[in-house]
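Novice: If you scroll down you'll find the structure; I have some questions about it.
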Amino acid sequence: MTLENTKPDSFPDQFRALVIGASGAIGSGFVAHLSADARCGGVVALHRRSTPAIDFENEDSIARAATALADQAPFDLIIHAGGILHSEQFMPEKKLSDLNYEQMTRTFRINTFGPALCINHFSKLLSRSHGVMAVISAKVGSIEDNRLGGWYSYRASKAALNMVVKTAAIELARSRPKAILISLHPGTVSSKLSKPFRGNEIGRSPAEATSDMLKLIGQLTTADNAQFLSYDGSRLPW
């Protein structure tokens, strides 16, 4: 699948894009694709070392970044690609006895609280004519689809994120009826996040994954607002 047939054609010529969490594998993949798209009039990449900087563990940085970018709005496409599964200090919990406040708090802060505040502040910068905000979630956050257990904090944080997206999308539809807010499952992607779990063997490259997601995003309509979608277009159970 080439970039030419995966660009978001539903957006106007010279559309503007914003990628939050742009230093990770998926975020940087989105930035690369959008930067190479002649129809994209500009893409802003936000991360901890950008200007302005954004840190999902620092509440004030989220509001400051949104304020700093207000004069560049509206954005036709906003993608939130940040998240955490493991760190140098912890791995996903396999059993109840692994649970602890420190890991759960940090996981929820980055996977749920940060994105929730980003939706609050950055949705105001969305275009009122077919603006799309896609928040990267995960299929393992589906309560109904959970058949293996484990990964307590990550699963729960993504399930909570999905509820935030669903609720915010309902509210957003009242003030921006043409806007679209979705949770988006990227599939398994080869990255530092997935490497300990054979991601390099079974995952798609960030370029392929982001290409697939951009193809999907380009096909969205307002009927897709408040949905939990997979990169292949299928609807996932909450």
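Chain identifiers are assigned as A, B, and so on, following the order in which chains appear in the structure tokens; residues are numbered from 1 within each chain, and ligands are numbered from 1 in order of appearance.
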Counting only C-alpha atoms, what is within 8 Å of His33 in chain A, bar same-chain residues fewer than 2 positions away, as a ChimeraX atom specification?
Specialist: /A:3,29-31,35-37,207,210-211
Novice: Write the selection just made, keeping all heavy atoms, as a short mmCIF file (atom, residue, chain, number, x, y, z; two decimals), in the first residue's frame?
Specialist:
data_model
loop_
_atom_site.label_atom_id
_atom_site.label_comp_id
_atom_site.auth_asym_id
_atom_site.auth_seq_id
_atom_site.Cartn_x
_atom_site.Cartn_y
_atom_site.Cartn_z
N LEU A 3 1.79 5.48 -0.24
CA LEU A 3 1.30 6.72 0.37
C LEU A 3 0.24 7.38 -0.50
O LEU A 3 -0.72 7.95 0.00
CB LEU A 3 2.46 7.69 0.60
CG LEU A 3 2.11 9.02 1.26
CD1 LEU A 3 1.53 8.79 2.65
CD2 LEU A 3 3.32 9.92 1.31
N GLY A 29 5.88 7.85 12.71
CA GLY A 29 5.41 7.31 11.45
C GLY A 29 4.33 8.18 10.83
O GLY A 29 4.34 8.43 9.62
N PHE A 30 3.41 8.65 11.66
CA PHE A 30 2.39 9.57 11.18
C PHE A 30 3.01 10.86 10.65
O PHE A 30 2.63 11.36 9.59
CB PHE A 30 1.40 9.91 12.28
CG PHE A 30 0.29 8.91 12.46
CD1 PHE A 30 0.14 8.24 13.66
CD2 PHE A 30 -0.59 8.64 11.43
CE1 PHE A 30 -0.88 7.31 13.83
CE2 PHE A 30 -1.62 7.72 11.59
CZ PHE A 30 -1.77 7.05 12.80
N VAL A 31 3.97 11.40 11.38
CA VAL A 31 4.61 12.65 10.96
C VAL A 31 5.31 12.47 9.61
O VAL A 31 5.21 13.32 8.72
CB VAL A 31 5.62 13.13 12.02
CG1 VAL A 31 6.44 14.32 11.49
CG2 VAL A 31 4.90 13.53 13.31
N SER A 35 4.13 14.50 6.36
CA SER A 35 5.11 15.44 5.83
C SER A 35 5.39 15.17 4.36
O SER A 35 5.73 16.09 3.60
CB SER A 35 6.43 15.34 6.62
OG SER A 35 6.24 15.71 7.97
N ALA A 36 5.25 13.90 3.94
CA ALA A 36 5.51 13.54 2.55
C ALA A 36 4.29 13.72 1.65
O ALA A 36 4.40 13.58 0.43
CB ALA A 36 5.99 12.09 2.48
N ASP A 37 3.15 14.03 2.23
CA ASP A 37 1.91 14.18 1.47
C ASP A 37 1.82 15.61 0.92
O ASP A 37 1.72 16.56 1.69
CB ASP A 37 0.72 13.88 2.38
CG ASP A 37 -0.62 13.91 1.65
OD1 ASP A 37 -0.64 14.25 0.45
OD2 ASP A 37 -1.63 13.58 2.29
N ALA A 207 5.73 2.37 9.48
CA ALA A 207 5.31 2.98 8.21
C ALA A 207 4.06 2.30 7.66
O ALA A 207 3.13 2.97 7.20
CB ALA A 207 6.45 2.89 7.19
N THR A 210 0.96 3.09 10.12
CA THR A 210 0.42 4.44 9.99
C THR A 210 -0.21 4.66 8.63
O THR A 210 -1.19 5.40 8.50
CB THR A 210 1.49 5.50 10.27
OG1 THR A 210 2.65 5.24 9.45
CG2 THR A 210 1.92 5.47 11.73
N SER A 211 0.33 4.00 7.60
CA SER A 211 -0.29 4.08 6.28
C SER A 211 -1.70 3.49 6.32
O SER A 211 -2.64 4.08 5.79
CB SER A 211 0.57 3.32 5.26
OG SER A 211 -0.04 3.30 4.00
#
Novice: Please identify the helix (DSSP H, G or I) residues within range 53-124 of chain A (assignment by DSSP from backbone atoms) and present them as a ChimeraX atom specification.
Specialist: /A:59-68,70-72,96-98,101-124
Novice: Return as JSON lines the residues of range 114-204 of chain A lying at most 9 Å from range 87-95 of chain A, together with the closest atom-to-atom pair for each and the distance in Å to one decimal, counting only C-alpha atoms, with rows in chain order and ascending residue number.
Specialist:
{"residue": "A:Gly149", "atom": "CA", "partner": "A:Lys94", "partner_atom": "CA", "distance": 7.9}
{"residue": "A:Gly150", "atom": "CA", "partner": "A:Lys94", "partner_atom": "CA", "distance": 4.5}
{"residue": "A:Trp151", "atom": "CA", "partner": "A:Pro92", "partner_atom": "CA", "distance": 4.8}
{"residue": "A:Tyr152", "atom": "CA", "partner": "A:Glu93", "partner_atom": "CA", "distance": 5.9}
{"residue": "A:Ser153", "atom": "CA", "partner": "A:Pro92", "partner_atom": "CA", "distance": 7.2}
{"residue": "A:Tyr154", "atom": "CA", "partner": "A:Pro92", "partner_atom": "CA", "distance": 7.0}
{"residue": "A:Leu193", "atom": "CA", "partner": "A:Ser87", "partner_atom": "CA", "distance": 8.7}
Novice: Go ahead and save the picked residues with all heavy atoms, as a CSV table (one decimal), in the first residue's frame.
Specialist:
chain,number,residue,atom,x,y,z
A,149,GLY,N,-6.8,-12.4,30.0
A,149,GLY,CA,-6.5,-11.8,31.3
A,149,GLY,C,-5.1,-11.2,31.3
A,149,GLY,O,-4.4,-11.0,30.3
A,150,GLY,N,-4.6,-10.8,32.5
A,150,GLY,CA,-3.2,-10.2,32.6
A,150,GLY,C,-3.2,-8.8,32.1
A,150,GLY,O,-4.2,-8.2,31.7
A,151,TRP,N,-2.0,-8.2,32.2
A,151,TRP,CA,-1.8,-6.8,31.7
A,151,TRP,C,-2.8,-5.8,32.3
A,151,TRP,O,-3.4,-5.0,31.7
A,151,TRP,CB,-1.9,-6.7,30.2
A,151,TRP,CG,-0.7,-7.3,29.5
A,151,TRP,CD1,0.1,-8.3,29.9
A,151,TRP,CD2,-0.2,-7.0,28.2
A,151,TRP,NE1,1.1,-8.6,29.0
A,151,TRP,CE2,0.9,-7.9,27.9
A,151,TRP,CE3,-0.6,-6.1,27.2
A,151,TRP,CZ2,1.6,-7.8,26.7
A,151,TRP,CZ3,0.1,-6.0,26.0
A,151,TRP,CH2,1.2,-6.9,25.8
A,152,TYR,N,-3.0,-6.0,33.6
A,152,TYR,CA,-4.0,-5.3,34.4
A,152,TYR,C,-4.0,-3.7,34.1
A,152,TYR,O,-5.1,-3.2,33.7
A,152,TYR,CB,-3.9,-5.5,35.9
A,152,TYR,CG,-4.5,-6.9,36.3
A,152,TYR,CD1,-3.6,-8.0,36.3
A,152,TYR,CD2,-5.8,-7.0,36.7
A,152,TYR,CE1,-4.1,-9.2,36.6
A,152,TYR,CE2,-6.3,-8.3,37.1
A,152,TYR,CZ,-5.4,-9.4,37.0
A,152,TYR,OH,-5.9,-10.6,37.4
A,153,SER,N,-2.9,-3.1,34.4
A,153,SER,CA,-2.9,-1.6,34.3
A,153,SER,C,-3.1,-1.2,32.9
A,153,SER,O,-3.9,-0.2,32.6
A,153,SER,CB,-1.6,-1.1,34.8
A,153,SER,OG,-1.5,-1.3,36.2
A,154,TYR,N,-2.4,-1.8,31.9
A,154,TYR,CA,-2.5,-1.4,30.5
A,154,TYR,C,-3.9,-1.6,30.0
A,154,TYR,O,-4.5,-0.7,29.4
A,154,TYR,CB,-1.5,-2.2,29.7
A,154,TYR,CG,-1.4,-1.7,28.3
A,154,TYR,CD1,-0.8,-0.5,28.0
A,154,TYR,CD2,-2.0,-2.5,27.2
A,154,TYR,CE1,-0.7,-0.1,26.6
A,154,TYR,CE2,-1.9,-2.0,25.9
A,154,TYR,CZ,-1.3,-0.8,25.6
A,154,TYR,OH,-1.2,-0.4,24.3
A,193,LEU,N,7.9,-0.5,22.4
A,193,LEU,CA,6.8,-0.9,23.2
A,193,LEU,C,6.5,-2.4,23.0
A,193,LEU,O,6.2,-3.1,24.0
A,193,LEU,CB,5.6,-0.1,22.9
A,193,LEU,CG,4.3,-0.3,23.7
A,193,LEU,CD1,3.6,1.1,23.9
A,193,LEU,CD2,3.3,-1.2,23.0
Novice: Do you know which residues are at most 9 Å from His121 in chain A counting only C-alpha atoms, after dropping those on the same chain fewer than 2 positions away, and could you put them as JSON, numbers by chain?
Specialist: {"A": [62, 63, 65, 66, 67, 116, 117, 118, 119, 123, 124, 125]}
Novice: Take the residues from that selection and write them out as a PDB file, in the first residue's frame, keeping all heavy atoms.
Specialist:
ATOM      1  N   ILE A  62       0.167  20.349  29.002  1.00  0.00           N
ATOM      2  CA  ILE A  62      -0.851  20.058  27.994  1.00  0.00           C
ATOM      3  C   ILE A  62      -1.626  21.323  27.642  1.00  0.00           C
ATOM      4  O   ILE A  62      -1.804  21.660  26.467  1.00  0.00           O
ATOM      5  CB  ILE A  62      -1.788  18.940  28.488  1.00  0.00           C
ATOM      6  CG1 ILE A  62      -0.989  17.655  28.727  1.00  0.00           C
ATOM      7  CG2 ILE A  62      -2.915  18.698  27.488  1.00  0.00           C
ATOM      8  CD1 ILE A  62      -1.776  16.548  29.405  1.00  0.00           C
ATOM      9  N   ALA A  63      -2.062  22.036  28.666  1.00  0.00           N
ATOM     10  CA  ALA A  63      -2.797  23.282  28.428  1.00  0.00           C
ATOM     11  C   ALA A  63      -1.902  24.322  27.764  1.00  0.00           C
ATOM     12  O   ALA A  63      -2.338  25.040  26.853  1.00  0.00           O
ATOM     13  CB  ALA A  63      -3.342  23.814  29.750  1.00  0.00           C
ATOM     14  N   ALA A  65       0.682  23.833  25.789  1.00  0.00           N
ATOM     15  CA  ALA A  65       0.939  23.481  24.392  1.00  0.00           C
ATOM     16  C   ALA A  65      -0.260  23.837  23.521  1.00  0.00           C
ATOM     17  O   ALA A  65      -0.103  24.374  22.414  1.00  0.00           O
ATOM     18  CB  ALA A  65       1.262  21.997  24.272  1.00  0.00           C
ATOM     19  N   ALA A  66      -1.453  23.561  24.015  1.00  0.00           N
ATOM     20  CA  ALA A  66      -2.655  23.885  23.240  1.00  0.00           C
ATOM     21  C   ALA A  66      -2.795  25.384  23.053  1.00  0.00           C
ATOM     22  O   ALA A  66      -3.131  25.864  21.965  1.00  0.00           O
ATOM     23  CB  ALA A  66      -3.887  23.315  23.930  1.00  0.00           C
ATOM     24  N   THR A  67      -2.520  26.142  24.095  1.00  0.00           N
ATOM     25  CA  THR A  67      -2.592  27.605  24.008  1.00  0.00           C
ATOM     26  C   THR A  67      -1.570  28.139  23.008  1.00  0.00           C
ATOM     27  O   THR A  67      -1.865  29.036  22.208  1.00  0.00           O
ATOM     28  CB  THR A  67      -2.353  28.234  25.384  1.00  0.00           C
ATOM     29  OG1 THR A  67      -3.371  27.788  26.290  1.00  0.00           O
ATOM     30  CG2 THR A  67      -2.382  29.750  25.317  1.00  0.00           C
ATOM     31  N   ALA A 116      -6.965  12.297  28.024  1.00  0.00           N
ATOM     32  CA  ALA A 116      -8.239  12.950  28.358  1.00  0.00           C
ATOM     33  C   ALA A 116      -8.084  14.462  28.351  1.00  0.00           C
ATOM     34  O   ALA A 116      -8.923  15.195  27.801  1.00  0.00           O
ATOM     35  CB  ALA A 116      -8.743  12.470  29.716  1.00  0.00           C
ATOM     36  N   LEU A 117      -6.994  14.946  28.944  1.00  0.00           N
ATOM     37  CA  LEU A 117      -6.765  16.390  28.969  1.00  0.00           C
ATOM     38  C   LEU A 117      -6.410  16.909  27.576  1.00  0.00           C
ATOM     39  O   LEU A 117      -6.745  18.047  27.232  1.00  0.00           O
ATOM     40  CB  LEU A 117      -5.669  16.724  29.974  1.00  0.00           C
ATOM     41  CG  LEU A 117      -6.072  16.533  31.441  1.00  0.00           C
ATOM     42  CD1 LEU A 117      -4.888  16.800  32.366  1.00  0.00           C
ATOM     43  CD2 LEU A 117      -7.226  17.454  31.805  1.00  0.00           C
ATOM     44  N   CYS A 118      -5.739  16.090  26.778  1.00  0.00           N
ATOM     45  CA  CYS A 118      -5.449  16.496  25.398  1.00  0.00           C
ATOM     46  C   CYS A 118      -6.744  16.643  24.601  1.00  0.00           C
ATOM     47  O   CYS A 118      -6.899  17.587  23.822  1.00  0.00           O
ATOM     48  CB  CYS A 118      -4.535  15.477  24.725  1.00  0.00           C
ATOM     49  SG  CYS A 118      -2.799  15.583  25.233  1.00  0.00           S
ATOM     50  N   ILE A 119      -7.675  15.721  24.798  1.00  0.00           N
ATOM     51  CA  ILE A 119      -8.965  15.840  24.120  1.00  0.00           C
ATOM     52  C   ILE A 119      -9.649  17.130  24.545  1.00  0.00           C
ATOM     53  O   ILE A 119     -10.203  17.871  23.725  1.00  0.00           O
ATOM     54  CB  ILE A 119      -9.848  14.618  24.423  1.00  0.00           C
ATOM     55  CG1 ILE A 119      -9.251  13.354  23.802  1.00  0.00           C
ATOM     56  CG2 ILE A 119     -11.272  14.839  23.879  1.00  0.00           C
ATOM     57  CD1 ILE A 119      -9.935  12.074  24.226  1.00  0.00           C
ATOM     58  N   SER A 123      -9.210  19.475  21.266  1.00  0.00           N
ATOM     59  CA  SER A 123     -10.421  19.375  20.441  1.00  0.00           C
ATOM     60  C   SER A 123     -10.954  20.752  20.091  1.00  0.00           C
ATOM     61  O   SER A 123     -11.633  20.922  19.068  1.00  0.00           O
ATOM     62  CB  SER A 123     -11.487  18.550  21.155  1.00  0.00           C
ATOM     63  OG  SER A 123     -11.933  19.183  22.341  1.00  0.00           O
ATOM     64  N   LYS A 124     -10.642  21.747  20.904  1.00  0.00           N
ATOM     65  CA  LYS A 124     -11.052  23.125  20.622  1.00  0.00           C
ATOM     66  C   LYS A 124     -10.353  23.674  19.384  1.00  0.00           C
ATOM     67  O   LYS A 124     -10.786  24.672  18.804  1.00  0.00           O
ATOM     68  CB  LYS A 124     -10.765  24.025  21.822  1.00  0.00           C
ATOM     69  CG  LYS A 124     -11.480  23.620  23.111  1.00  0.00           C
ATOM     70  CD  LYS A 124     -11.092  24.535  24.248  1.00  0.00           C
ATOM     71  CE  LYS A 124     -11.821  24.205  25.544  1.00  0.00           C
ATOM     72  NZ  LYS A 124     -11.414  22.915  26.136  1.00  0.00           N
ATOM     73  N   LEU A 125      -9.244  23.033  18.986  1.00  0.00           N
ATOM     74  CA  LEU A 125      -8.473  23.488  17.830  1.00  0.00           C
ATOM     75  C   LEU A 125      -8.866  22.764  16.545  1.00  0.00           C
ATOM     76  O   LEU A 125      -8.307  23.020  15.484  1.00  0.00           O
ATOM     77  CB  LEU A 125      -6.973  23.287  18.082  1.00  0.00           C
ATOM     78  CG  LEU A 125      -6.395  23.867  19.375  1.00  0.00           C
ATOM     79  CD1 LEU A 125      -4.878  23.700  19.406  1.00  0.00           C
ATOM     80  CD2 LEU A 125      -6.783  25.332  19.550  1.00  0.00           C
TER      81      LEU A 125
END
Novice: Could you give me, as a PyMOL selection string, the residues within 9 Å of Ile143 in chain A, counting only C-alpha atoms and dropping anything in the same chain fewer than 6 positions from it?
Specialist: chain A and resi 155-156+159+237-238
Novice: Skip range 69-75 of chain A itself and residues of its chain fewer than 5 positions away, then list as a list in words all residues within 8 Å of it, counting only C-alpha atoms.
Specialist: Phe15, Arg16, Ala17, Leu18, Leu125, Leu126, Ser127 and Gly131 of chain A
Novice: Go ahead and write the residues just picked, C-alpha atoms, as a PDB file, in the first residue's frame.
Specialist:
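Just written: again-v5.pdb:
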ATOM      1  CA  PHE A  15      -5.104  20.397   5.216  1.00  0.00           C
ATOM      2  CA  ARG A  16      -3.289  20.898   8.510  1.00  0.00           C
ATOM      3  CA  ALA A  17      -2.377  18.095  10.896  1.00  0.00           C
ATOM      4  CA  LEU A  18      -1.161  17.806  14.481  1.00  0.00           C
ATOM      5  CA  LEU A 125      -8.473  23.488  17.830  1.00  0.00           C
ATOM      6  CA  LEU A 126     -10.291  21.107  15.465  1.00  0.00           C
ATOM      7  CA  SER A 127     -11.760  22.364  12.228  1.00  0.00           C
ATOM      8  CA  GLY A 131     -12.181  17.807  11.706  1.00  0.00           C
TER       9      GLY A 131
END
Novice: Out of A:Ala22, A:Leu181, A:Leu161, A:Leu172, which residue has the shortest atom-to-atom distance to Asn225 in chain A when counting only C-alpha atoms?
Specialist: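 Answer, going by the shortest atom-to-atom distance: A:Leu181.
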Novice: Go through range 104-226 of chain A and collect every residue that DSSP, computed from the backbone, puts in strand (DSSP E); the answer should be as number ranges by chain.
Specialist: A: 132-136, 180-185
Novice: Which is closest to Cys40 in chain A among A:Asn111, A:Gln227, A:Gln14, A:Asn100, if we use only C-alpha atoms?
Specialist: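 Checking each of A:Asn111, A:Gln227, A:Gln14, A:Asn100 against Cys40 in chain A, counting only C-alpha atoms, the winner is A:Gln14.
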Novice: Would you kindly return, as a list in words, each protein, DNA or RNA residue with an atom no farther than 9 Å from any atom of Asp232 in chain A, considering only C-alpha atoms and excluding same-chain residues fewer than 6 positions away?
Specialist: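 Result of the neighbour search: Pro186, Gly187, Asp212, Met213, Lys215 and Leu216 of chain A.
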Novice: If we count only C-alpha atoms, what is near Asp13 in chain A at a cut-off of 9 Å, once residues fewer than 4 positions away on the same chain are taken out, given as an NGL selection string?
Specialist: :A and (9 or 38-41)
Novice: Can you spit out the residues from that selection as a PDB file, in the first residue's frame, using all heavy atoms?
Specialist:
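The result, written out as selection_17.pdb:
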ATOM      1  N   ASP A   9      -8.010  11.554   1.766  1.00  0.00           N
ATOM      2  CA  ASP A   9      -8.581  12.326   0.675  1.00  0.00           C
ATOM      3  C   ASP A   9      -9.806  13.129   1.080  1.00  0.00           C
ATOM      4  O   ASP A   9     -10.232  14.020   0.345  1.00  0.00           O
ATOM      5  CB  ASP A   9      -8.944  11.405  -0.494  1.00  0.00           C
ATOM      6  CG  ASP A   9      -7.703  10.834  -1.165  1.00  0.00           C
ATOM      7  OD1 ASP A   9      -6.746  11.595  -1.359  1.00  0.00           O
ATOM      8  OD2 ASP A   9      -7.701   9.636  -1.465  1.00  0.00           O
ATOM      9  N   ALA A  38       1.834  15.739  -0.391  1.00  0.00           N
ATOM     10  CA  ALA A  38       1.800  17.064  -1.015  1.00  0.00           C
ATOM     11  C   ALA A  38       0.512  17.806  -0.699  1.00  0.00           C
ATOM     12  O   ALA A  38       0.463  19.042  -0.758  1.00  0.00           O
ATOM     13  CB  ALA A  38       1.964  16.929  -2.532  1.00  0.00           C
ATOM     14  N   ARG A  39      -0.548  17.069  -0.353  1.00  0.00           N
ATOM     15  CA  ARG A  39      -1.822  17.719  -0.030  1.00  0.00           C
ATOM     16  C   ARG A  39      -1.852  18.280   1.391  1.00  0.00           C
ATOM     17  O   ARG A  39      -2.744  19.044   1.729  1.00  0.00           O
ATOM     18  CB  ARG A  39      -2.974  16.715  -0.192  1.00  0.00           C
ATOM     19  CG  ARG A  39      -3.236  16.305  -1.638  1.00  0.00           C
ATOM     20  CD  ARG A  39      -4.440  15.388  -1.713  1.00  0.00           C
ATOM     21  NE  ARG A  39      -5.648  16.050  -1.233  1.00  0.00           N
ATOM     22  CZ  ARG A  39      -6.296  15.729  -0.104  1.00  0.00           C
ATOM     23  NH1 ARG A  39      -5.843  14.769   0.675  1.00  0.00           N
ATOM     24  NH2 ARG A  39      -7.384  16.366   0.231  1.00  0.00           N
ATOM     25  N   CYS A  40      -0.903  17.857   2.224  1.00  0.00           N
ATOM     26  CA  CYS A  40      -0.865  18.332   3.606  1.00  0.00           C
ATOM     27  C   CYS A  40      -0.130  19.665   3.659  1.00  0.00           C
ATOM     28  O   CYS A  40       1.033  19.774   3.272  1.00  0.00           O
ATOM     29  CB  CYS A  40      -0.168  17.309   4.496  1.00  0.00           C
ATOM     30  SG  CYS A  40      -0.137  17.770   6.247  1.00  0.00           S
ATOM     31  N   GLY A  41      -0.816  20.685   4.137  1.00  0.00           N
ATOM     32  CA  GLY A  41      -0.222  22.017   4.184  1.00  0.00           C
ATOM     33  C   GLY A  41       0.725  22.231   5.342  1.00  0.00           C
ATOM     34  O   GLY A  41       1.393  23.259   5.427  1.00  0.00           O
TER      35      GLY A  41
END
Novice: Which one of A:Asp224, A:Glu57, A:Asp76, A:Glu208 sits closest to Arg128 in chain A if you count only C-alpha atoms?
Specialist: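 The shortest atom-to-atom distance to Arg128 in chain A comes from A:Asp76.
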Novice: Determine the nearest neighbour of Ser23 in chain A from the options A:Ala81, A:Val43, A:Ala223, A:Ala173, counting only C-alpha atoms.
Specialist: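 Among A:Ala81, A:Val43, A:Ala223, A:Ala173, it is A:Ala81 that comes nearest to Ser23 in chain A.
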